[in-house]
$ cat model_29.tsv   # TSV, C-alpha atoms
chain	number	residue	atom	x	y	z
A	16	MET	CA	-149.80	13.07	51.70
A	17	LYS	CA	-146.19	14.10	52.48
A	18	LYS	CA	-144.53	11.08	50.87
A	19	PRO	CA	-145.26	12.09	47.25
A	20	ILE	CA	-143.87	15.57	47.94
A	21	LEU	CA	-140.66	14.15	49.42
A	22	SER	CA	-140.30	11.78	46.51
A	23	PHE	CA	-140.71	14.66	44.06
A	24	VAL	CA	-138.04	16.72	45.88
A	25	PHE	CA	-135.67	13.74	45.95
A	26	ILE	CA	-136.07	13.20	42.21
A	27	GLN	CA	-135.40	16.88	41.56
A	28	LEU	CA	-132.18	16.70	43.58
A	29	ILE	CA	-130.97	13.66	41.63
A	30	LEU	CA	-131.74	15.31	38.28
A	31	GLY	CA	-129.97	18.48	39.37
A	32	GLY	CA	-126.90	16.48	40.41
A	33	LEU	CA	-126.77	14.69	37.06
A	34	LEU	CA	-127.01	17.98	35.18
A	35	PHE	CA	-124.16	19.37	37.28
A	36	LEU	CA	-121.94	16.35	36.61
A	37	GLY	CA	-122.68	16.62	32.93
A	38	SER	CA	-121.33	20.16	32.92
A	39	VAL	CA	-118.01	19.21	34.60
A	40	THR	CA	-114.92	18.82	32.41
A	41	PHE	CA	-112.77	15.89	33.52
A	42	HIS	CA	-109.27	17.01	32.56
A	43	GLY	CA	-107.72	13.66	33.39
A	44	CYS	CA	-109.46	12.14	30.36
A	45	LYS	CA	-108.41	14.89	27.92
A	46	PRO	CA	-106.92	13.28	24.79
A	47	GLU	CA	-103.67	14.45	23.24
A	48	PRO	CA	-104.20	16.95	20.41
A	49	GLU	CA	-103.97	15.69	16.84
A	50	PRO	CA	-101.03	16.90	14.72
A	51	ASP	CA	-101.71	19.96	12.58
A	52	PRO	CA	-102.21	19.32	8.85
A	53	GLY	CA	-98.83	18.63	7.26
A	54	ASP	CA	-97.22	17.73	10.60
A	55	VAL	CA	-96.26	14.30	11.90
A	56	ARG	CA	-95.74	13.09	15.43
A	57	LEU	CA	-92.34	12.12	16.78
A	58	TYR	CA	-92.91	9.39	19.35
A	59	LYS	CA	-90.95	8.78	22.51
A	60	PRO	CA	-87.62	10.43	21.85
A	61	ASN	CA	-85.31	9.57	24.73
A	62	ILE	CA	-82.42	11.93	25.50
A	63	TYR	CA	-79.58	10.38	27.51
A	64	LEU	CA	-77.07	12.66	29.23
A	65	TYR	CA	-73.65	11.51	30.46
A	66	PRO	CA	-71.64	14.44	31.91
A	67	THR	CA	-68.10	13.84	33.10
A	68	GLU	CA	-69.07	15.14	36.55
A	69	LYS	CA	-72.37	15.57	38.39
A	70	LYS	CA	-73.88	18.91	37.43
A	71	ILE	CA	-77.02	20.93	36.78
A	72	LEU	CA	-77.83	21.23	33.09
A	73	GLY	CA	-80.32	23.30	31.15
A	74	VAL	CA	-81.73	21.48	28.11
A	75	THR	CA	-83.96	23.16	25.53
A	76	LEU	CA	-85.62	22.09	22.29
A	77	ASN	CA	-86.55	24.43	19.46
A	78	PHE	CA	-88.46	23.96	16.22
A	79	PRO	CA	-86.99	26.24	13.52
A	80	ARG	CA	-89.50	24.99	10.93
A	81	GLY	CA	-92.44	25.03	13.32
A	82	GLY	CA	-93.62	22.44	15.81
A	83	ARG	CA	-94.47	21.89	19.45
A	84	ILE	CA	-93.89	19.57	22.39
A	85	ILE	CA	-97.10	17.75	23.36
A	86	THR	CA	-95.89	15.72	26.36
A	87	SER	CA	-92.74	15.38	28.44
A	88	ILE	CA	-91.23	13.70	31.51
A	89	PRO	CA	-90.01	15.49	33.60
A	90	ASP	CA	-92.28	18.41	32.73
A	91	TYR	CA	-90.59	20.52	30.06
A	92	GLY	CA	-92.20	23.88	30.80
A	93	LYS	CA	-89.91	26.44	29.16
A	94	GLY	CA	-87.00	24.01	29.21
A	95	TRP	CA	-85.56	21.29	31.42
A	96	LEU	CA	-83.30	22.27	34.32
A	97	VAL	CA	-82.01	18.99	35.71
A	98	ASN	CA	-79.38	17.56	38.05
A	99	VAL	CA	-77.50	14.85	36.16
A	100	ASP	CA	-75.01	12.29	37.53
A	101	THR	CA	-72.17	10.77	35.53
A	102	ASN	CA	-74.11	7.51	35.15
A	103	GLY	CA	-76.90	9.37	33.36
A	104	ILE	CA	-79.39	9.39	36.24
A	105	ILE	CA	-81.46	12.60	36.18
A	106	ASN	CA	-82.81	14.20	39.38
A	107	ASN	CA	-81.99	10.94	41.20
A	108	LYS	CA	-84.94	9.35	39.40
A	109	PHE	CA	-85.00	9.33	35.59
A	110	GLU	CA	-82.70	7.53	33.17
A	111	TYR	CA	-83.46	9.90	30.29
A	112	LEU	CA	-85.45	12.96	29.28
A	113	PHE	CA	-88.66	12.00	27.49
A	114	TYR	CA	-90.82	14.03	25.15
A	115	GLU	CA	-93.09	13.73	22.13
A	116	SER	CA	-93.62	16.44	19.55
A	117	ASP	CA	-95.35	17.45	16.33
A	118	GLN	CA	-93.34	19.01	13.49
A	119	PRO	CA	-93.39	19.33	9.68
A	120	ASP	CA	-93.06	16.09	7.72
A	121	ILE	CA	-89.74	16.64	5.97
A	122	TRP	CA	-88.15	13.30	6.94
A	123	GLN	CA	-86.30	11.38	4.23
A	124	THR	CA	-87.82	8.22	2.70
A	125	ASN	CA	-85.16	7.40	0.08
A	126	GLU	CA	-82.56	5.49	2.09
A	127	GLY	CA	-83.62	2.62	4.32
A	128	TRP	CA	-84.41	-1.05	4.71
A	129	ILE	CA	-87.36	-3.42	4.54
A	130	ILE	CA	-87.37	-5.83	7.48
A	131	ASN	CA	-89.57	-8.83	8.25
A	132	LYS	CA	-91.57	-8.45	11.44
A	133	SER	CA	-89.89	-11.50	12.96
A	134	ASP	CA	-86.42	-9.96	12.40
A	135	LEU	CA	-87.10	-6.51	13.85
A	136	GLU	CA	-85.54	-7.04	17.27
A	137	GLU	CA	-82.31	-8.40	15.82
A	138	PHE	CA	-82.24	-5.63	13.21
A	139	PHE	CA	-82.70	-2.79	15.67
A	140	THR	CA	-80.26	-4.29	18.18
A	141	ASP	CA	-77.54	-4.48	15.52
A	142	ASN	CA	-78.39	-1.23	13.76
A	143	LEU	CA	-78.52	0.89	16.90
A	144	ALA	CA	-75.18	-0.57	18.00
A	145	GLU	CA	-73.67	0.26	14.60
A	146	TYR	CA	-74.75	3.85	15.00
A	147	GLY	CA	-73.14	3.98	18.46
A	148	PHE	CA	-75.89	3.38	21.03
A	149	ASN	CA	-75.05	1.24	24.06
A	150	GLY	CA	-76.76	-1.71	25.76
A	151	ARG	CA	-79.16	0.19	28.04
A	152	GLU	CA	-80.21	2.60	25.30
A	153	ILE	CA	-80.78	-0.24	22.84
A	154	LYS	CA	-82.78	-2.29	25.36
A	155	ASP	CA	-85.00	0.72	26.10
A	156	PHE	CA	-85.75	0.98	22.38
A	157	THR	CA	-86.47	-2.68	21.72
A	158	ASP	CA	-88.47	-3.15	24.95
A	159	TYR	CA	-90.78	-0.33	23.94
A	160	TRP	CA	-91.04	-0.66	20.16
A	161	ILE	CA	-90.88	-4.37	19.31
A	162	PRO	CA	-94.22	-5.17	21.03
A	163	ARG	CA	-95.83	-2.27	19.14
A	164	LEU	CA	-94.73	-3.30	15.64
A	165	LYS	CA	-97.07	-6.23	15.05
A	166	ASP	CA	-99.65	-5.05	12.51
A	167	TYR	CA	-97.67	-5.70	9.31
A	168	GLU	CA	-95.58	-8.57	7.99
A	169	TYR	CA	-92.85	-6.17	6.85
A	170	TYR	CA	-91.70	-2.70	7.87
A	171	GLU	CA	-89.93	-0.01	5.88
A	172	ILE	CA	-87.37	1.69	8.11
A	173	TYR	CA	-85.76	4.99	7.16
A	174	PRO	CA	-82.99	6.41	9.38
A	175	GLN	CA	-83.07	10.14	10.12
A	176	GLU	CA	-79.62	11.26	11.14
A	177	LYS	CA	-78.33	14.21	13.16
A	178	LYS	CA	-77.67	16.51	10.21
A	179	LEU	CA	-81.33	16.40	9.17
A	180	ILE	CA	-82.74	16.27	12.71
A	181	ASP	CA	-80.87	19.46	13.66
A	182	THR	CA	-82.73	21.38	10.94
A	183	VAL	CA	-86.10	20.32	12.38
A	184	ILE	CA	-85.55	20.04	16.15
A	185	THR	CA	-82.55	21.70	17.75
A	186	LEU	CA	-81.13	20.36	21.01
A	187	GLU	CA	-79.34	22.96	23.13
A	188	ILE	CA	-77.53	22.22	26.40
A	189	THR	CA	-75.99	24.82	28.70
A	190	ASP	CA	-72.68	22.93	28.88
A	191	ALA	CA	-71.80	22.00	25.30
A	192	PRO	CA	-71.38	18.20	24.94
A	193	ASP	CA	-68.21	16.72	23.47
A	194	ALA	CA	-70.16	14.17	21.43
A	195	VAL	CA	-73.83	14.08	20.35
A	196	LEU	CA	-75.60	11.15	18.68
A	197	ARG	CA	-79.14	11.73	17.38
A	198	LEU	CA	-81.09	9.14	15.38
A	199	TYR	CA	-84.77	8.80	14.57
A	200	TYR	CA	-86.38	6.05	12.56
A	201	LEU	CA	-89.32	6.70	10.28
A	202	ILE	CA	-91.18	3.36	10.34
A	203	ARG	CA	-93.94	2.42	7.91
A	204	GLY	CA	-95.81	-0.86	7.59
A	205	ALA	CA	-95.50	-2.76	4.29
A	206	ASP	CA	-97.15	-5.80	2.71
A	207	SER	CA	-94.14	-6.81	0.62
A	208	ALA	CA	-90.41	-7.27	1.09
A	209	VAL	CA	-89.78	-5.46	-2.21
A	210	ASN	CA	-89.64	-1.71	-2.82
A	211	SER	CA	-87.50	-0.64	-5.75
A	212	LYS	CA	-87.43	2.98	-4.56
A	213	ILE	CA	-85.54	2.26	-1.34
A	214	ILE	CA	-81.76	2.62	-1.44
A	215	ALA	CA	-79.61	0.98	1.23
A	216	PRO	CA	-77.88	3.66	3.34
A	217	ALA	CA	-74.15	4.05	2.95
A	218	ASP	CA	-71.89	2.85	5.75
A	219	LYS	CA	-71.39	5.49	8.43
A	220	LEU	CA	-68.34	6.39	10.47
A	221	PRO	CA	-68.73	4.97	14.00
A	222	PHE	CA	-69.83	7.36	16.72
A	223	ILE	CA	-67.11	7.87	19.32
A	224	ARG	CA	-68.37	8.30	22.87
A	225	THR	CA	-65.98	10.75	24.46
A	226	GLY	CA	-66.12	13.29	27.29
A	227	PHE	CA	-69.60	14.69	27.95
A	228	CYS	CA	-71.72	12.46	25.71
A	229	VAL	CA	-75.39	12.90	24.71
A	230	THR	CA	-77.46	10.37	22.78
A	231	GLU	CA	-81.05	10.50	21.54
A	232	TRP	CA	-83.35	8.15	19.63
A	233	GLY	CA	-86.99	8.46	18.55
A	234	VAL	CA	-89.55	7.18	16.03
A	235	VAL	CA	-91.88	8.70	13.44
A	236	LEU	CA	-94.54	6.02	12.95
A	237	LYS	CA	-96.59	6.03	9.75
$ encode --input "model_29.tsv" --output "structure tokens"
Amino acid sequence: MKKPILSFVFIQLILGGLLFLGSVTFHGCKPEPEPDPGDVRLYKPNIYLYPTEKKILGVTLNFPRGGRIITSIPDYGKGWLVNVDTNGIINNKFEYLFYESDQPDIWQTNEGWIINKSDLEEFFTDNLAEYGFNGREIKDFTDYWIPRLKDYEYYEIYPQEKKLIDTVITLEITDAPDAVLRLYYLIRGADSAVNSKIIAPADKLPFIRTGFCVTEWGVVLK
């Protein structure tokens, strides 16, 4: 007669355990928040720092038109405080500061290019070099983005340059750099190689890497 009672108790324990597990929030599976209405996500901006001597630098980002950081490496907190060597290595570990953010969608879509999917790597390699990025920075971009741009036969690519970026996301560093290069691409899939509304960007003066140099690239993907 005791076996049925034990079985009943055992079943009750199992059911209680399942109810407990169902009430637990597993934070490791928490998804990233969606952008607010009217905002767009800036993916994987990389900030490269090249001081003329090894030093500790404070780096902060601000969003004068509204916005927020949603992820970062190293952890951003209230701002990065990092030890940077002349070769760009941060805290003896990282090659760049990484973050992603949401901010208002005020990026320009007038000047740009339409590029065939098969030509993207060559395009970005040449275009980034023309703007002033170097081999390691360019390779980081193409290694990450080329495998992810496969869904369309063509892509519209609109450059967002420093003058516009600075009005949306400011980059402040405790020791003022001698030269700062910031470039984002707004990238949008297209089914045709023709768009009469796109104007080819004018030629730009080359970026001169001098003294304490800072470079940054990122992507707004639509």
$ residues_around --input "model_29.tsv" --residues "Gly147 (chain A)" --least-positions-apart "4" --cutoff "9 Å" --atoms "all atoms listed in the file" --output "list of chain:residue names"
A:Asn142, A:Leu143, A:Leu196, A:Pro221, A:Phe222, A:Ile223, A:Arg224, A:Thr230
$ closest_residue --input "model_29.tsv" --among "A:Glu168, A:Asp54, A:Glu176, A:Asp158" --to "Pro119 (chain A)" --atoms "only C-alpha atoms"
A:Asp54
$ closest_residue --input "model_29.tsv" --among "A:Ile180, A:Leu164, A:Ile153, A:Ile62" --to "Arg80 (chain A)" --atoms "all atoms listed in the file"
A:Ile180
$ residues_around --input "model_29.tsv" --residues "region 97-114 of chain A" --least-positions-apart "6" --cutoff "12 Å" --atoms "all atoms listed in the file" --output "PyMOL selection string"
chain A and resi 56-76+83-91+151-152+155+186+188-190+226-234
$ residues_around --input "model_29.tsv" --residues "Asn125 (chain A)" --least-positions-apart "5" --cutoff "9 Å" --atoms "all atoms listed in the file" --output "list of chain:residue names"
A:Tyr173, A:Lys212, A:Ile213, A:Ile214, A:Ala215, A:Pro216
$ residues_around --input "model_29.tsv" --residues "Ala217 (chain A)" --least-positions-apart "5" --cutoff "12 Å" --atoms "all atoms listed in the file" --output "list of chain:residue names"
A:Asn125, A:Glu126, A:Gly127, A:Trp128, A:Pro174
$ closest_residue --input "model_29.tsv" --among "A:Thr157, A:Phe78, A:Glu115, A:Asp120" --to "Gly53 (chain A)" --atoms "all atoms listed in the file"
A:Asp120
$ atom_distance --input "model_29.tsv" --atom1 "CA of Phe148 (chain A)" --atom2 "CA of Ser207 (chain A)"
29.2 Å
$ atom_distance --input "model_29.tsv" --atom1 "CA of Leu236 (chain A)" --atom2 "CA of Tyr169 (chain A)"
13.7 Å
$ build_atoms --input "model_29.tsv" --residues "region 108-128 of chain A" --atoms "N, CA, C and O atoms" --output "PDB file, in the coordinates of the input"
ATOM      1  N   LYS A 108     -83.717  10.097  39.691  1.00  0.00           N
ATOM      2  CA  LYS A 108     -84.940   9.350  39.400  1.00  0.00           C
ATOM      3  C   LYS A 108     -85.020   8.826  37.972  1.00  0.00           C
ATOM      4  O   LYS A 108     -85.336   7.665  37.745  1.00  0.00           O
ATOM      5  N   PHE A 109     -84.755   9.673  36.992  1.00  0.00           N
ATOM      6  CA  PHE A 109     -85.000   9.330  35.590  1.00  0.00           C
ATOM      7  C   PHE A 109     -83.709   8.891  34.898  1.00  0.00           C
ATOM      8  O   PHE A 109     -82.628   9.392  35.206  1.00  0.00           O
ATOM      9  N   GLU A 110     -83.854   7.985  33.945  1.00  0.00           N
ATOM     10  CA  GLU A 110     -82.700   7.530  33.170  1.00  0.00           C
ATOM     11  C   GLU A 110     -82.529   8.324  31.882  1.00  0.00           C
ATOM     12  O   GLU A 110     -81.488   8.223  31.225  1.00  0.00           O
ATOM     13  N   TYR A 111     -83.538   9.101  31.512  1.00  0.00           N
ATOM     14  CA  TYR A 111     -83.460   9.900  30.290  1.00  0.00           C
ATOM     15  C   TYR A 111     -84.545  10.974  30.344  1.00  0.00           C
ATOM     16  O   TYR A 111     -85.480  10.905  31.146  1.00  0.00           O
ATOM     17  N   LEU A 112     -84.405  11.969  29.484  1.00  0.00           N
ATOM     18  CA  LEU A 112     -85.450  12.960  29.280  1.00  0.00           C
ATOM     19  C   LEU A 112     -86.373  12.444  28.190  1.00  0.00           C
ATOM     20  O   LEU A 112     -85.918  11.999  27.142  1.00  0.00           O
ATOM     21  N   PHE A 113     -87.680  12.518  28.447  1.00  0.00           N
ATOM     22  CA  PHE A 113     -88.660  12.000  27.490  1.00  0.00           C
ATOM     23  C   PHE A 113     -89.549  13.125  26.989  1.00  0.00           C
ATOM     24  O   PHE A 113     -89.951  14.004  27.760  1.00  0.00           O
ATOM     25  N   TYR A 114     -89.841  13.105  25.692  1.00  0.00           N
ATOM     26  CA  TYR A 114     -90.820  14.030  25.150  1.00  0.00           C
ATOM     27  C   TYR A 114     -91.414  13.446  23.880  1.00  0.00           C
ATOM     28  O   TYR A 114     -90.888  12.488  23.303  1.00  0.00           O
ATOM     29  N   GLU A 115     -92.534  13.996  23.445  1.00  0.00           N
ATOM     30  CA  GLU A 115     -93.090  13.730  22.130  1.00  0.00           C
ATOM     31  C   GLU A 115     -93.467  15.064  21.514  1.00  0.00           C
ATOM     32  O   GLU A 115     -93.787  16.017  22.234  1.00  0.00           O
ATOM     33  N   SER A 116     -93.409  15.148  20.194  1.00  0.00           N
ATOM     34  CA  SER A 116     -93.620  16.440  19.550  1.00  0.00           C
ATOM     35  C   SER A 116     -94.256  16.269  18.179  1.00  0.00           C
ATOM     36  O   SER A 116     -94.223  15.190  17.582  1.00  0.00           O
ATOM     37  N   ASP A 117     -94.848  17.360  17.696  1.00  0.00           N
ATOM     38  CA  ASP A 117     -95.350  17.450  16.330  1.00  0.00           C
ATOM     39  C   ASP A 117     -94.476  18.447  15.580  1.00  0.00           C
ATOM     40  O   ASP A 117     -94.123  19.510  16.130  1.00  0.00           O
ATOM     41  N   GLN A 118     -94.143  18.140  14.316  1.00  0.00           N
ATOM     42  CA  GLN A 118     -93.340  19.010  13.490  1.00  0.00           C
ATOM     43  C   GLN A 118     -93.585  18.686  12.016  1.00  0.00           C
ATOM     44  O   GLN A 118     -94.152  17.649  11.702  1.00  0.00           O
ATOM     45  N   PRO A 119     -93.149  19.571  11.105  1.00  0.00           N
ATOM     46  CA  PRO A 119     -93.390  19.330   9.680  1.00  0.00           C
ATOM     47  C   PRO A 119     -92.805  17.998   9.207  1.00  0.00           C
ATOM     48  O   PRO A 119     -91.775  17.532   9.708  1.00  0.00           O
ATOM     49  N   ASP A 120     -93.472  17.394   8.248  1.00  0.00           N
ATOM     50  CA  ASP A 120     -93.060  16.090   7.720  1.00  0.00           C
ATOM     51  C   ASP A 120     -92.048  16.283   6.598  1.00  0.00           C
ATOM     52  O   ASP A 120     -92.384  16.254   5.417  1.00  0.00           O
ATOM     53  N   ILE A 121     -90.794  16.475   6.984  1.00  0.00           N
ATOM     54  CA  ILE A 121     -89.740  16.640   5.970  1.00  0.00           C
ATOM     55  C   ILE A 121     -88.695  15.516   6.078  1.00  0.00           C
ATOM     56  O   ILE A 121     -87.583  15.629   5.588  1.00  0.00           O
ATOM     57  N   TRP A 122     -89.074  14.410   6.718  1.00  0.00           N
ATOM     58  CA  TRP A 122     -88.150  13.300   6.940  1.00  0.00           C
ATOM     59  C   TRP A 122     -87.888  12.555   5.627  1.00  0.00           C
ATOM     60  O   TRP A 122     -88.773  12.429   4.779  1.00  0.00           O
ATOM     61  N   GLN A 123     -86.684  12.028   5.480  1.00  0.00           N
ATOM     62  CA  GLN A 123     -86.300  11.380   4.230  1.00  0.00           C
ATOM     63  C   GLN A 123     -86.871   9.957   4.144  1.00  0.00           C
ATOM     64  O   GLN A 123     -86.914   9.221   5.135  1.00  0.00           O
ATOM     65  N   THR A 124     -87.304   9.573   2.952  1.00  0.00           N
ATOM     66  CA  THR A 124     -87.820   8.220   2.700  1.00  0.00           C
ATOM     67  C   THR A 124     -87.178   7.638   1.443  1.00  0.00           C
ATOM     68  O   THR A 124     -87.824   6.932   0.661  1.00  0.00           O
ATOM     69  N   ASN A 125     -85.902   7.951   1.224  1.00  0.00           N
ATOM     70  CA  ASN A 125     -85.160   7.400   0.080  1.00  0.00           C
ATOM     71  C   ASN A 125     -84.230   6.269   0.514  1.00  0.00           C
ATOM     72  O   ASN A 125     -84.160   5.234  -0.149  1.00  0.00           O
ATOM     73  N   GLU A 126     -83.526   6.478   1.616  1.00  0.00           N
ATOM     74  CA  GLU A 126     -82.560   5.490   2.090  1.00  0.00           C
ATOM     75  C   GLU A 126     -83.137   4.737   3.288  1.00  0.00           C
ATOM     76  O   GLU A 126     -83.631   5.361   4.241  1.00  0.00           O
ATOM     77  N   GLY A 127     -83.080   3.405   3.218  1.00  0.00           N
ATOM     78  CA  GLY A 127     -83.620   2.620   4.320  1.00  0.00           C
ATOM     79  C   GLY A 127     -83.567   1.136   4.052  1.00  0.00           C
ATOM     80  O   GLY A 127     -82.810   0.670   3.195  1.00  0.00           O
ATOM     81  N   TRP A 128     -84.381   0.404   4.796  1.00  0.00           N
ATOM     82  CA  TRP A 128     -84.410  -1.050   4.710  1.00  0.00           C
ATOM     83  C   TRP A 128     -85.850  -1.538   4.799  1.00  0.00           C
ATOM     84  O   TRP A 128     -86.714  -0.837   5.323  1.00  0.00           O
TER      85      TRP A 128
END
